[in-house]
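Enquirer: Next comes model.cif, mmCIF, C-alpha atoms:
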data_input
loop_
_atom_site.label_atom_id
_atom_site.label_comp_id
_atom_site.auth_asym_id
_atom_site.auth_seq_id
_atom_site.Cartn_x
_atom_site.Cartn_y
_atom_site.Cartn_z
CA MET A 1 44.14 -9.97 8.13
CA ASP A 2 41.10 -7.96 9.26
CA THR A 3 42.79 -4.98 10.93
CA SER A 4 39.51 -3.41 12.08
CA ARG A 5 38.59 -6.59 13.98
CA MET A 6 42.08 -6.71 15.49
CA ASP A 7 41.77 -3.05 16.57
CA ASP A 8 38.42 -3.76 18.24
CA SER A 9 39.92 -6.69 20.12
CA PHE A 10 42.88 -4.61 21.25
CA ILE A 11 40.67 -1.77 22.49
CA ARG A 12 38.45 -4.23 24.38
CA LEU A 13 41.59 -5.65 25.96
CA LEU A 14 42.59 -2.15 27.10
CA TYR A 15 39.15 -1.57 28.60
CA TYR A 16 39.09 -4.83 30.51
CA GLY A 17 42.73 -4.44 31.53
CA SER A 18 42.07 -0.94 32.82
CA ILE A 19 39.08 -2.07 34.87
CA ALA A 20 41.11 -4.97 36.27
CA MET A 21 43.98 -2.61 37.11
CA ILE A 22 41.70 -0.17 38.92
CA THR A 23 40.16 -3.05 40.83
CA GLY A 24 43.62 -4.39 41.70
CA THR A 25 44.60 -0.94 42.95
CA ILE A 26 41.68 -0.85 45.34
CA VAL A 27 42.54 -4.36 46.57
CA CYS A 28 46.20 -3.39 47.15
CA ILE A 29 45.06 -0.55 49.37
CA PHE A 30 43.71 -3.09 51.85
CA ILE A 31 46.43 -5.77 51.42
CA LEU A 32 49.56 -3.56 51.70
CA PRO A 33 48.49 -0.55 53.74
CA ASP A 34 51.96 0.16 55.23
CA TRP A 35 54.18 -0.45 52.15
CA ILE A 36 56.48 2.55 51.41
CA PHE A 37 58.82 2.85 48.42
CA THR A 38 60.73 6.15 48.22
CA GLN A 39 62.33 6.36 44.79
CA LEU A 40 62.66 9.87 43.40
CA PRO A 41 64.49 8.96 40.11
CA LEU A 42 61.82 6.37 39.26
CA HIS A 43 59.13 8.92 40.00
CA SER A 44 60.84 11.49 37.75
CA PHE A 45 61.15 8.92 34.98
CA THR A 46 57.48 8.01 35.30
CA GLU A 47 56.42 11.63 35.11
CA THR A 48 58.75 12.30 32.15
CA MET A 49 57.24 9.44 30.15
CA GLY A 50 53.76 10.79 30.80
CA VAL A 51 54.79 14.30 29.87
CA PHE A 52 56.36 13.13 26.61
CA ALA A 53 53.27 11.13 25.64
CA GLY A 54 50.85 13.93 26.54
CA LEU A 55 52.70 16.71 24.73
CA SER A 56 53.23 14.53 21.64
CA VAL A 57 49.51 13.83 21.35
CA ALA A 58 48.73 17.50 22.07
CA VAL A 59 50.83 18.64 19.12
CA LEU A 60 49.32 15.96 16.87
CA LEU A 61 45.76 16.93 17.77
CA TYR A 62 46.44 20.64 17.31
CA LEU A 63 47.83 19.95 13.84
CA GLN A 64 44.79 17.83 13.03
CA PHE A 65 42.55 20.68 14.17
CA LYS A 66 44.17 22.90 11.53
CA HIS A 67 42.91 20.51 8.85
CA ARG A 68 39.75 18.97 10.25
CA LYS A 69 38.45 21.95 12.26
CA ASN A 70 37.15 19.73 15.08
CA PRO A 71 36.84 22.00 18.18
CA SER A 72 37.16 19.07 20.61
CA TYR A 73 40.77 18.66 19.47
CA VAL A 74 41.53 22.14 20.81
CA PHE A 75 40.23 21.36 24.30
CA ILE A 76 41.98 17.98 24.40
CA SER A 77 45.22 19.51 23.18
CA SER A 78 44.96 22.33 25.72
CA GLY A 79 44.32 19.89 28.57
CA LEU A 80 47.29 17.72 27.62
CA ILE A 81 49.56 20.76 27.31
CA CYS A 82 48.51 21.98 30.76
CA MET A 83 49.04 18.54 32.34
CA GLY A 84 52.32 17.99 30.52
CA ILE A 85 53.89 21.26 31.67
CA LEU A 86 52.73 21.05 35.31
CA ASP A 87 53.55 17.36 35.69
CA GLY A 88 56.91 17.98 34.04
CA PHE A 89 57.75 20.52 36.73
CA HIS A 90 56.25 18.18 39.36
CA GLY A 91 58.61 15.41 38.29
CA SER A 92 61.66 17.67 38.26
CA VAL A 93 61.44 19.25 41.74
CA TYR A 94 62.28 17.75 45.11
CA PRO A 95 59.44 16.79 47.47
CA GLY A 96 58.30 19.61 49.66
CA GLN A 97 56.04 22.63 49.44
CA GLY A 98 54.73 22.88 45.87
CA PHE A 99 55.57 19.25 44.99
CA VAL A 100 52.03 17.89 45.37
CA TRP A 101 50.53 21.24 44.40
CA LEU A 102 51.95 20.99 40.86
CA HIS A 103 50.43 17.56 40.29
CA SER A 104 47.07 18.51 41.83
CA ALA A 105 46.93 21.66 39.71
CA ALA A 106 47.72 19.53 36.64
CA MET A 107 44.83 17.15 37.36
CA LEU A 108 42.35 19.93 38.14
CA ALA A 109 43.22 22.21 35.22
CA GLY A 110 43.66 19.31 32.78
CA GLY A 111 40.34 17.75 33.81
CA PHE A 112 38.59 21.11 33.52
CA LEU A 113 39.92 21.69 30.00
CA PHE A 114 38.93 18.16 29.00
CA ALA A 115 35.41 18.69 30.40
CA MET A 116 35.09 21.77 28.17
CA VAL A 117 34.62 19.42 25.20
CA TRP A 118 30.93 19.66 26.08
CA LEU A 119 31.12 23.20 24.68
CA SER A 120 32.72 22.14 21.39
CA ASP A 121 29.32 21.64 19.74
CA HIS A 122 28.32 25.26 20.39
CA PRO A 123 28.64 27.24 17.10
CA VAL A 124 30.13 30.34 18.76
CA ILE A 125 32.63 28.46 20.92
CA SER A 126 33.71 26.18 18.07
CA THR A 127 34.85 29.10 15.88
CA LYS A 128 36.87 30.98 18.52
CA THR A 129 39.01 28.30 20.17
CA GLY A 130 42.01 28.03 17.83
CA PHE A 131 44.11 30.24 20.10
CA LEU A 132 43.35 28.24 23.29
CA PRO A 133 46.34 25.81 23.19
CA VAL A 134 48.81 28.69 22.82
CA VAL A 135 47.22 30.69 25.63
CA THR A 136 47.09 27.57 27.80
CA ALA A 137 50.78 26.83 27.21
CA ILE A 138 51.82 30.40 28.14
CA GLY A 139 49.57 30.59 31.20
CA THR A 140 50.54 27.13 32.45
CA LEU A 141 54.24 27.84 32.03
CA ILE A 142 53.89 31.05 34.09
CA LEU A 143 51.98 29.14 36.79
CA ALA A 144 54.59 26.37 36.90
CA ILE A 145 57.47 28.83 37.23
CA LEU A 146 55.69 30.69 40.04
CA SER A 147 54.89 27.39 41.77
CA VAL A 148 58.59 26.52 41.87
CA SER A 149 60.00 29.96 42.63
CA SER A 150 57.36 30.99 45.18
CA ARG A 151 56.33 27.74 46.83
CA ALA A 152 55.33 29.31 50.12
CA THR A 153 52.59 31.39 48.51
CA PHE A 154 50.62 28.32 47.36
CA PRO A 155 48.33 26.20 49.55
CA VAL A 156 49.84 23.50 51.77
CA MET A 157 49.01 20.11 50.28
CA VAL A 158 50.63 17.66 52.76
CA ILE A 159 50.58 17.74 56.58
CA GLU A 160 52.43 15.01 58.50
CA GLY A 161 52.46 12.74 55.45
CA ALA A 162 48.71 13.05 54.78
CA PHE A 163 47.08 15.03 52.03
CA THR A 164 45.14 18.11 53.03
CA PRO A 165 41.47 18.60 52.11
CA VAL A 166 42.55 21.11 49.44
CA ALA A 167 44.75 18.49 47.75
CA MET A 168 41.99 15.87 47.93
CA ALA A 169 39.36 18.27 46.62
CA MET A 170 41.52 19.38 43.68
CA ASN A 171 42.20 15.80 42.59
CA ILE A 172 38.67 14.51 43.12
CA LEU A 173 37.23 17.47 41.22
CA GLY A 174 39.76 16.92 38.43
CA GLY A 175 38.76 13.24 38.34
CA VAL A 176 35.08 14.19 38.05
CA PHE A 177 35.92 16.52 35.18
CA PHE A 178 37.76 13.69 33.38
CA LEU A 179 34.82 11.32 33.86
CA LEU A 180 32.44 13.98 32.47
CA ALA A 181 34.70 14.35 29.43
CA GLY A 182 34.73 10.56 29.05
CA LEU A 183 30.93 10.57 29.07
CA TYR A 184 30.96 13.13 26.25
CA PHE A 185 33.32 11.05 24.12
CA TRP A 186 31.29 7.91 24.77
CA HIS A 187 28.15 9.51 23.32
CA SER A 188 29.71 11.96 20.84
CA ARG A 189 29.02 11.60 17.13
CA ASN A 190 31.53 14.26 16.09
CA GLN A 191 34.46 11.88 16.61
CA ALA A 192 35.38 8.80 14.66
CA THR A 193 34.64 5.51 16.41
CA GLU A 194 38.27 4.73 17.24
CA GLU A 195 38.89 8.25 18.55
CA ARG A 196 35.86 8.05 20.84
CA ARG A 197 37.11 4.77 22.29
CA PHE A 198 40.64 5.98 22.90
CA PHE A 199 39.60 9.32 24.41
CA THR A 200 36.93 7.66 26.55
CA LEU A 201 39.47 5.19 27.87
CA PHE A 202 42.01 7.95 28.56
CA CYS A 203 39.44 9.98 30.52
CA LEU A 204 38.37 6.87 32.46
CA LEU A 205 41.93 6.05 33.49
CA SER A 206 42.89 9.66 34.26
CA GLY A 207 39.71 10.23 36.27
CA SER A 208 40.25 6.98 38.19
CA ALA A 209 43.85 7.97 39.00
CA ALA A 210 42.69 11.36 40.26
CA ILE A 211 39.91 9.87 42.40
CA LEU A 212 42.31 7.25 43.85
CA PHE A 213 44.70 10.04 44.89
CA PRO A 214 43.00 10.84 48.27
CA PHE A 215 43.36 7.22 49.34
CA SER A 216 47.17 7.39 49.03
CA ALA A 217 50.11 8.93 50.84
CA VAL A 218 53.41 10.09 49.39
CA TRP A 219 55.52 7.06 48.34
CA ASP A 220 53.08 4.34 49.57
CA ILE A 221 51.61 1.54 47.43
CA GLU A 222 48.51 3.55 46.54
CA TRP A 223 50.76 6.47 45.42
CA TRP A 224 52.61 4.27 42.95
CA LEU A 225 49.47 2.49 41.81
CA TRP A 226 47.61 5.65 40.75
CA HIS A 227 50.80 6.81 39.03
CA PHE A 228 50.71 3.54 37.16
CA VAL A 229 47.05 4.00 36.28
CA ARG A 230 47.70 7.50 34.99
CA ASN A 231 50.68 6.33 32.90
CA MET A 232 48.43 3.66 31.45
CA ALA A 233 46.20 6.52 30.31
CA TYR A 234 49.17 8.11 28.55
CA PHE A 235 50.04 4.73 27.08
CA VAL A 236 46.55 4.64 25.58
CA LEU A 237 47.29 8.00 23.94
CA LEU A 238 50.53 6.65 22.49
CA ILE A 239 48.61 3.73 21.03
CA TYR A 240 46.19 6.28 19.56
CA VAL A 241 49.11 8.14 17.96
CA PHE A 242 50.36 4.86 16.54
CA MET A 243 46.91 4.11 15.11
CA VAL A 244 46.70 7.59 13.56
CA PHE A 245 50.09 7.25 11.91
CA ARG A 246 49.26 3.76 10.71
CA GLN A 247 46.00 5.02 9.21
CA SER A 248 47.89 7.91 7.61
CA GLU A 249 50.38 5.45 6.18
CA VAL A 250 47.55 3.37 4.70
CA GLU A 251 45.95 6.49 3.20
CA LEU A 252 49.29 7.66 1.80
CA ARG A 253 49.92 4.25 0.28
CA GLU A 254 46.47 4.21 -1.32
CA HIS A 255 47.02 7.76 -2.55
CA ARG A 256 50.40 6.77 -3.98
CA GLU A 257 48.85 3.76 -5.72
CA ARG A 258 46.18 6.02 -7.21
CA LEU A 259 48.87 8.46 -8.34
CA GLU A 260 50.90 5.63 -9.86
CA GLY A 261 47.79 4.47 -11.69
CA THR A 262 47.20 8.00 -12.92
CA VAL A 263 50.83 8.28 -14.03
CA LYS A 264 50.52 5.02 -15.96
CA ASP A 265 47.33 6.25 -17.60
CA LEU A 266 49.08 9.51 -18.51
CA GLU A 267 52.05 7.59 -19.90
CA MET A 268 49.71 5.48 -22.03
CA ALA A 269 47.86 8.58 -23.17
CA ASN A 270 51.18 10.30 -23.97
CA GLY A 271 52.28 7.22 -25.91
CA GLN A 272 49.04 7.19 -27.89
CA LEU A 273 49.34 10.92 -28.48
CA ALA A 274 52.94 10.51 -29.66
CA ASN A 275 51.84 7.75 -32.03
CA GLU A 276 49.03 9.93 -33.32
CA ILE A 277 51.44 12.85 -33.81
CA ALA A 278 53.90 10.58 -35.63
CA GLU A 279 51.07 9.21 -37.77
CA GLY A 280 49.90 12.76 -38.46
CA LYS A 281 53.41 13.78 -39.56
CA ARG A 282 53.64 10.72 -41.76
CA ARG A 283 50.32 11.58 -43.34
CA GLU A 284 51.45 15.19 -43.83
CA GLU A 285 54.58 13.93 -45.58
CA VAL A 286 52.49 11.63 -47.79
CA ILE A 287 50.08 14.45 -48.57
CA SER A 288 52.97 16.81 -49.30
CA MET A 289 54.59 14.26 -51.60
CA GLN A 290 51.31 13.57 -53.36
CA THR A 291 50.73 17.30 -53.70
CA ARG A 292 54.13 17.70 -55.37
CA GLU A 293 53.38 14.79 -57.67
CA ILE A 294 50.00 16.25 -58.55
CA LEU A 295 51.60 19.62 -59.27
CA GLU A 296 54.17 17.96 -61.47
CA LEU A 297 51.46 16.07 -63.32
CA SER A 298 49.33 19.19 -63.60
CA THR A 299 52.22 21.18 -65.12
CA PRO A 300 53.78 18.84 -67.72
CA VAL A 301 56.41 20.02 -70.20
CA LEU A 302 56.48 18.02 -73.46
CA LYS A 303 59.08 17.86 -76.20
CA VAL A 304 57.12 17.73 -79.47
CA LEU A 305 60.01 18.22 -81.90
CA ASP A 306 63.73 18.77 -81.65
CA GLY A 307 64.06 22.34 -80.45
CA ILE A 308 60.41 22.77 -79.55
CA ILE A 309 58.81 22.14 -76.14
CA VAL A 310 55.19 22.66 -75.14
CA ALA A 311 53.94 23.40 -71.61
CA PRO A 312 50.13 23.11 -71.47
CA LEU A 313 48.35 24.67 -68.52
CA ILE A 314 44.93 23.33 -67.51
CA GLY A 315 42.58 24.46 -64.75
CA THR A 316 42.88 27.25 -62.20
CA ILE A 317 46.36 28.68 -61.85
CA ASP A 318 47.42 29.84 -58.38
CA SER A 319 50.75 31.17 -57.10
CA GLU A 320 52.11 27.79 -55.99
CA ARG A 321 51.20 26.11 -59.25
CA THR A 322 52.60 29.02 -61.28
CA GLN A 323 55.93 28.72 -59.43
CA GLN A 324 55.95 24.96 -60.04
CA PHE A 325 55.26 25.57 -63.73
CA MET A 326 58.04 28.16 -64.00
CA ASP A 327 60.60 25.83 -62.43
CA ARG A 328 59.70 22.87 -64.67
CA PHE A 329 59.49 25.02 -67.81
CA LEU A 330 62.90 26.64 -67.31
CA THR A 331 64.49 23.32 -66.31
CA SER A 332 63.15 21.65 -69.45
CA ILE A 333 64.51 24.47 -71.59
CA VAL A 334 68.00 23.91 -70.18
CA GLN A 335 67.79 20.10 -70.37
CA THR A 336 66.51 19.98 -73.98
CA ASN A 337 68.37 23.09 -75.15
CA SER A 338 65.21 24.09 -77.00
CA PRO A 339 65.26 27.42 -78.85
CA VAL A 340 61.43 27.62 -78.91
CA GLY A 341 58.96 27.05 -76.07
CA LEU A 342 55.19 27.16 -76.29
CA ILE A 343 53.00 27.93 -73.29
CA ASP A 344 49.47 26.80 -74.04
CA ILE A 345 46.72 28.27 -71.79
CA THR A 346 43.76 26.87 -73.73
CA GLY A 347 42.58 24.98 -70.63
CA VAL A 348 42.87 27.96 -68.28
CA PRO A 349 39.38 29.44 -67.63
CA ALA A 350 40.60 32.77 -66.22
CA LEU A 351 43.67 34.76 -65.22
CA ASP A 352 44.13 37.24 -62.42
CA THR A 353 46.74 40.01 -62.15
CA GLN A 354 49.17 37.99 -60.04
CA THR A 355 49.00 34.93 -62.32
CA ALA A 356 49.45 37.11 -65.42
CA HIS A 357 52.55 38.73 -63.93
CA HIS A 358 53.96 35.27 -63.04
CA LEU A 359 53.36 34.20 -66.62
CA ILE A 360 55.24 37.25 -67.92
CA GLU A 361 58.09 36.51 -65.50
CA ALA A 362 58.32 32.95 -66.87
CA VAL A 363 58.43 34.29 -70.43
CA THR A 364 61.11 36.86 -69.49
CA ALA A 365 63.23 34.23 -67.73
CA ALA A 366 62.98 31.88 -70.72
CA THR A 367 63.99 34.72 -73.03
CA LEU A 368 67.09 35.31 -70.93
CA LEU A 369 67.95 31.65 -71.50
CA GLY A 370 67.81 32.27 -75.27
CA THR A 371 64.45 30.66 -75.90
CA LYS A 372 61.70 32.18 -77.97
CA VAL A 373 58.42 31.86 -76.05
CA ILE A 374 55.04 31.73 -77.75
CA VAL A 375 51.86 31.91 -75.68
CA THR A 376 48.98 30.02 -77.31
CA GLY A 377 45.33 29.40 -76.53
CA VAL A 378 44.52 32.99 -75.63
CA SER A 379 40.70 33.07 -75.57
CA PRO A 380 38.67 36.25 -76.12
CA ALA A 381 37.72 36.29 -72.41
CA ILE A 382 41.35 36.04 -71.31
CA ALA A 383 42.38 38.68 -73.86
CA GLN A 384 39.78 41.10 -72.48
CA THR A 385 40.91 40.33 -68.94
CA LEU A 386 44.54 41.02 -69.78
CA VAL A 387 43.61 44.31 -71.44
CA HIS A 388 41.42 45.28 -68.49
CA LEU A 389 44.24 44.46 -66.04
CA GLY A 390 46.66 46.54 -68.09
CA VAL A 391 49.15 43.68 -68.65
CA ASP A 392 51.74 44.57 -71.28
CA LEU A 393 52.12 41.68 -73.76
CA SER A 394 53.65 43.72 -76.54
CA ASP A 395 56.97 41.80 -76.42
CA ILE A 396 55.31 38.37 -76.28
CA ILE A 397 54.10 36.41 -79.28
CA THR A 398 50.54 35.25 -78.66
CA LYS A 399 48.33 32.97 -80.76
CA SER A 400 44.75 31.86 -80.36
CA SER A 401 45.50 28.14 -80.88
CA LEU A 402 48.29 25.66 -80.31
CA SER A 403 48.48 24.77 -84.00
CA ALA A 404 49.01 28.41 -84.90
CA GLY A 405 51.75 28.63 -82.31
CA LEU A 406 53.45 25.47 -83.67
CA LYS A 407 53.42 26.99 -87.14
CA VAL A 408 55.17 30.11 -85.84
CA ALA A 409 57.71 27.91 -84.04
CA LEU A 410 58.44 25.91 -87.21
CA ASP A 411 58.84 29.08 -89.22
CA TYR A 412 61.19 30.44 -86.56
CA LEU A 413 63.33 27.32 -86.83
CA ASP A 414 62.98 27.31 -90.64
CA LEU A 415 61.33 23.90 -90.52
CA SER A 416 58.31 22.49 -92.28
CA ILE A 417 56.16 19.37 -92.06
CA ALA A 418 56.19 17.41 -95.30
CA LYS A 419 53.10 15.51 -96.45
CA LYS A 420 53.54 11.86 -97.40
#
Written as structure tokens, that's how I'd like the structure from this file.

Expert:
Amino acid sequence: MDTSRMDDSFIRLLYYGSIAMITGTIVCIFILPDWIFTQLPLHSFTETMGVFAGLSVAVLLYLQFKHRKNPSYVFISSGLICMGILDGFHGSVYPGQGFVWLHSAAMLAGGFLFAMVWLSDHPVISTKTGFLPVVTAIGTLILAILSVSSRATFPVMVIEGAFTPVAMAMNILGGVFFLLAGLYFWHSRNQATEERRFFTLFCLLSGSAAILFPFSAVWDIEWWLWHFVRNMAYFVLLIYVFMVFRQSEVELREHRERLEGTVKDLEMANGQLANEIAEGKRREEVISMQTREILELSTPVLKVLDGIIVAPLIGTIDSERTQQFMDRFLTSIVQTNSPVGLIDITGVPALDTQTAHHLIEAVTAATLLGTKVIVTGVSPAIAQTLVHLGVDLSDIITKSSLSAGLKVALDYLDLSIAKK
């Protein structure tokens, strides 16, 4: 369903209905000139409904001003607050002095505040109006209380059932103010299209009700008809509130859908990230396992004869590899119960202080296990390095080649290799 087209049709219906209602009011003035209907509770109910609608929209517009900073909202809100308070008191007092005054003051002050929307485009005025609704509420409340408590001090509005010139002038002037405000909304570009239509229609109906006031008398048909016209204006505002809340609901739903889409995207991203982390951990485990295997392969311990094991070291020796070598060498000594162990460093290009000390620790630990350790493959460069580093090898048997070390091991075990 095309909601924008439906909204346009509904607003057009309100326009045409309002024009027809105003026309019908004028016709009723001539058809039922002597009809009188005195009903104070109905009048109070009518005023209460208008007050509720006006104050509700006033609060809504003031809250919107806080976010959208549209100065016209301040003047509209102030006008509705003024009308709501004065008409509320008007509907709650008994007819008499001050009864018509309260309503006339509401129309004049409310229309004046609405007409001030023409100033909302001024840069100075637009930045200094945020306090106006509060000031209006306080001032109007003081005026309403004085109007009820000191009725005799205010102008007489009804004489022998007819409205005085003061009452007529106040309402007609208020109606003119409303029509001027409606002209502003009709041509304004600072309001959204729907807002301009609703506010224009409200000003048209309120201005028409105020201008029809002089043609009525208290409780006659014209009296009730302009009340009806004015309540139709408040009804338009309630429809506006409904439209605002419906639009807010649509925006919230769209925002929620966008958030749900974002949450789903985040969940997918989190899932992918978790998979990548799991894959990274698996790769780390594989790399760690392969590293251990490589270390084991790079530090083999071989049993060459009963009682003799050989541990050849090849390549650069770091701390981790030295520790791996020590563990495997000592374990093999225990497992094979070998009395002689050879550590061949022929394939080691160089030794540093830390590696040399680890090597001595391995020899010392093997000696504690009862194994004679022979270090073979000591090159001239390594020998000079050990001397330069000040490493004490006086308690360790060293040989320049593996074969020389094997000969020492055989002699130590009192063994010999027989030629065939």

Enquirer: Leaving out Val378 of chain A and any residue of its chain fewer than 5 positions from it, which residues lie within 9 Å of it when counting all atoms listed in the file, given as a PyMOL selection string?

Expert: chain A and resi 344-346+383+398-401

Enquirer: Could you tell me which residues the PyMOL selection byres ((chain A and resi 365-374) around 10) grabs in this file, written as a tab-separated table (two decimals) with C-alpha atoms, in the frame of the given file?

Expert:
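Once written, selection-v8.tsv looks like this:
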chain	number	residue	atom	x	y	z
A	307	GLY	CA	64.06	22.34	-80.45
A	308	ILE	CA	60.41	22.77	-79.55
A	309	ILE	CA	58.81	22.14	-76.14
A	310	VAL	CA	55.19	22.66	-75.14
A	326	MET	CA	58.04	28.16	-64.00
A	329	PHE	CA	59.49	25.02	-67.81
A	330	LEU	CA	62.90	26.64	-67.31
A	331	THR	CA	64.49	23.32	-66.31
A	333	ILE	CA	64.51	24.47	-71.59
A	334	VAL	CA	68.00	23.91	-70.18
A	337	ASN	CA	68.37	23.09	-75.15
A	338	SER	CA	65.21	24.09	-77.00
A	339	PRO	CA	65.26	27.42	-78.85
A	340	VAL	CA	61.43	27.62	-78.91
A	341	GLY	CA	58.96	27.05	-76.07
A	342	LEU	CA	55.19	27.16	-76.29
A	343	ILE	CA	53.00	27.93	-73.29
A	344	ASP	CA	49.47	26.80	-74.04
A	359	LEU	CA	53.36	34.20	-66.62
A	360	ILE	CA	55.24	37.25	-67.92
A	361	GLU	CA	58.09	36.51	-65.50
A	362	ALA	CA	58.32	32.95	-66.87
A	363	VAL	CA	58.43	34.29	-70.43
A	364	THR	CA	61.11	36.86	-69.49
A	375	VAL	CA	51.86	31.91	-75.68
A	376	THR	CA	48.98	30.02	-77.31
A	396	ILE	CA	55.31	38.37	-76.28
A	397	ILE	CA	54.10	36.41	-79.28
A	398	THR	CA	50.54	35.25	-78.66
A	399	LYS	CA	48.33	32.97	-80.76
A	402	LEU	CA	48.29	25.66	-80.31
A	404	ALA	CA	49.01	28.41	-84.90
A	405	GLY	CA	51.75	28.63	-82.31
A	406	LEU	CA	53.45	25.47	-83.67
A	408	VAL	CA	55.17	30.11	-85.84
A	409	ALA	CA	57.71	27.91	-84.04
A	412	TYR	CA	61.19	30.44	-86.56

Enquirer: Would you kindly return, as a ChimeraX atom specification, each protein, DNA or RNA residue with an atom no farther than 9 Å from any atom of His187 of chain A, considering all atoms listed in the file and excluding same-chain residues fewer than 4 positions away?

Expert: /A:182-183,196

Enquirer: Could you tell me which residues the PyMOL selection byres ((chain A and resi 93-104) around 8) returns for this structure, as number ranges by chain?

Expert: A: 86-87, 89-92, 105-108, 144, 147-148, 151-152, 154-158, 167, 170-171

Enquirer: Applied to the shown file, which residues does the PyMOL selection byres ((chain A and resi 133) around 7) return, written as a list in words?

Expert: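 After applying the PyMOL selection byres ((chain A and resi 133) around 7), what remains is Val74, Ser77, Ser78, Phe131, Leu132, Val134, Val135, Thr136 and Ala137 of chain A.
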
Enquirer: Report the distance between atom CA of Gly207 of chain A and atom CA of Leu179 of chain A in Å, rounded to one decimal place.

Expert: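 Computing it gives 5.6 Å between the two atoms.
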
Enquirer: Can you tell me how far atom CA of Leu389 of chain A sits from atom CA of Ala356 of chain A, in Å to one decimal?

Expert: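 Separating atom CA of Leu389 of chain A from atom CA of Ala356 of chain A is a distance of 9.0 Å.
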
Enquirer: Quote the spacing between atom CA of Ser403 of chain A and atom CA of Val348 of chain A in Å to one decimal place.

Expert: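 Between atom CA of Ser403 of chain A and atom CA of Val348 of chain A the gap is 17.0 Å.
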
Enquirer: Counting only C-alpha atoms, what is within 9 Å of Val236 of chain A, bar same-chain residues fewer than 6 positions away, as a PyMOL selection string?

Expert: chain A and resi 14+198-199+201-202

Enquirer: Could you please take those selected residues and save C-alpha atoms as an mmCIF file, keeping the file's coordinate frame?

Expert:
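Final output, out-v1.cif:
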data_model
loop_
_atom_site.group_PDB
_atom_site.id
_atom_site.type_symbol
_atom_site.label_atom_id
_atom_site.label_comp_id
_atom_site.auth_asym_id
_atom_site.auth_seq_id
_atom_site.Cartn_x
_atom_site.Cartn_y
_atom_site.Cartn_z
ATOM 1 C CA LEU A 14 42.590 -2.150 27.100
ATOM 2 C CA PHE A 198 40.640 5.980 22.900
ATOM 3 C CA PHE A 199 39.600 9.320 24.410
ATOM 4 C CA LEU A 201 39.470 5.190 27.870
ATOM 5 C CA PHE A 202 42.010 7.950 28.560
#

Enquirer: Residues near Phe177 of chain A, anyone? I mean within 12 Å using only C-alpha atoms, not counting same-chain ones fewer than 5 positions away, as a ChimeraX atom specification.

Expert: /A:79,107-118,170-172,182-184,203-204,206-208,210-211

Enquirer: Report as an NGL selection string all protein, DNA and RNA residues lying within 10 Å of Met232 of chain A, evaluated on all atoms listed in the file, omitting residues in the same chain fewer than 2 positions from it.

Expert: :A and (14 or 17-18 or 21 or 50 or 201-202 or 205-206 or 209 or 226-230 or 234-238)

Enquirer: Can I get the selection written as a short mmCIF file (atom, residue, chain, number, x, y, z; two decimals), keeping the file's coordinate frame, with C-alpha atoms?

Expert:
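Everything below was put into out_23.cif:
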data_model
loop_
_atom_site.label_atom_id
_atom_site.label_comp_id
_atom_site.auth_asym_id
_atom_site.auth_seq_id
_atom_site.Cartn_x
_atom_site.Cartn_y
_atom_site.Cartn_z
CA LEU A 14 42.59 -2.15 27.10
CA GLY A 17 42.73 -4.44 31.53
CA SER A 18 42.07 -0.94 32.82
CA MET A 21 43.98 -2.61 37.11
CA GLY A 50 53.76 10.79 30.80
CA LEU A 201 39.47 5.19 27.87
CA PHE A 202 42.01 7.95 28.56
CA LEU A 205 41.93 6.05 33.49
CA SER A 206 42.89 9.66 34.26
CA ALA A 209 43.85 7.97 39.00
CA TRP A 226 47.61 5.65 40.75
CA HIS A 227 50.80 6.81 39.03
CA PHE A 228 50.71 3.54 37.16
CA VAL A 229 47.05 4.00 36.28
CA ARG A 230 47.70 7.50 34.99
CA TYR A 234 49.17 8.11 28.55
CA PHE A 235 50.04 4.73 27.08
CA VAL A 236 46.55 4.64 25.58
CA LEU A 237 47.29 8.00 23.94
CA LEU A 238 50.53 6.65 22.49
#
